[in-house]
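*Asks:* This is the structure I want to talk about, given as structure tokens.
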Amino acid sequence: MITSSKDNRVFVYEVSGLRQSDATDLNGYPIRNSSSIFIKVPFSRLNEQTRRITRLGGTIVDVRPLNASTEG
């Protein structure tokens with residue numbers, strides 16, 4: 001099976017407002033309420049991750065391609 005280049009893209013979410021709780025304890029990364037965190041998300045999971053961040057009380061500040069500094 002051949003995958004397109006968009007299937008291999010990874011984006012970085014900058015998220016603020018997440019608090020450490022029982023729900024966020026299940027994440028693979030620590031949450032600090034005092035600043036933004038950055039989460040790498042594959043293209044195929046963008047919608048799922050957006051819903052999850054919103055459900056946990058976070059605000060998405062920015063979304064950009066992981067390799068944004070090399071594009072353009």
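Here, A, B, ... name the chains of the structure tokens in the order displayed, residue numbers run from 1 inside each chain, and ligands are numbered from 1 in the same displayed order.
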For Val63 in chain A, list every protein, DNA or RNA residue within 12 Å, evaluated using only C-alpha atoms, and leave out those in the same chain fewer than 4 positions away; present the list as a list in words.

*Replies:*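 Those residues are Val10, Phe11, Val12, Tyr13, Glu14, Val15, Ile37, Phe38, Ile39, Lys40, Val41, Pro42, Phe43, Leu46, Gln49, Thr50, Thr59, Asn67 and Ala68 of chain A.
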
*Asks:* What would the file look like if the residues just selected were written as an mmCIF file, in the first residue's frame with C-alpha atoms?

*Replies:*
```cif
data_model
loop_
_atom_site.group_PDB
_atom_site.id
_atom_site.type_symbol
_atom_site.label_atom_id
_atom_site.label_comp_id
_atom_site.auth_asym_id
_atom_site.auth_seq_id
_atom_site.Cartn_x
_atom_site.Cartn_y
_atom_site.Cartn_z
ATOM 1 C CA VAL A 10 2.954 15.675 11.869
ATOM 2 C CA PHE A 11 1.605 18.846 13.448
ATOM 3 C CA VAL A 12 2.422 20.549 16.730
ATOM 4 C CA TYR A 13 -0.412 21.846 18.900
ATOM 5 C CA GLU A 14 0.373 24.619 21.362
ATOM 6 C CA VAL A 15 -2.157 24.227 24.161
ATOM 7 C CA ILE A 37 2.463 22.735 26.341
ATOM 8 C CA PHE A 38 3.319 21.380 22.899
ATOM 9 C CA ILE A 39 1.816 18.147 21.615
ATOM 10 C CA LYS A 40 2.916 16.350 18.429
ATOM 11 C CA VAL A 41 -0.065 14.993 16.505
ATOM 12 C CA PRO A 42 -0.066 12.917 13.303
ATOM 13 C CA PHE A 43 -2.310 14.247 10.519
ATOM 14 C CA LEU A 46 -5.944 15.954 14.287
ATOM 15 C CA GLN A 49 -6.821 15.291 19.479
ATOM 16 C CA THR A 50 -8.709 18.578 19.061
ATOM 17 C CA THR A 59 -7.381 25.985 24.597
ATOM 18 C CA ASN A 67 8.744 20.977 10.001
ATOM 19 C CA ALA A 68 7.412 24.552 9.618
#
```
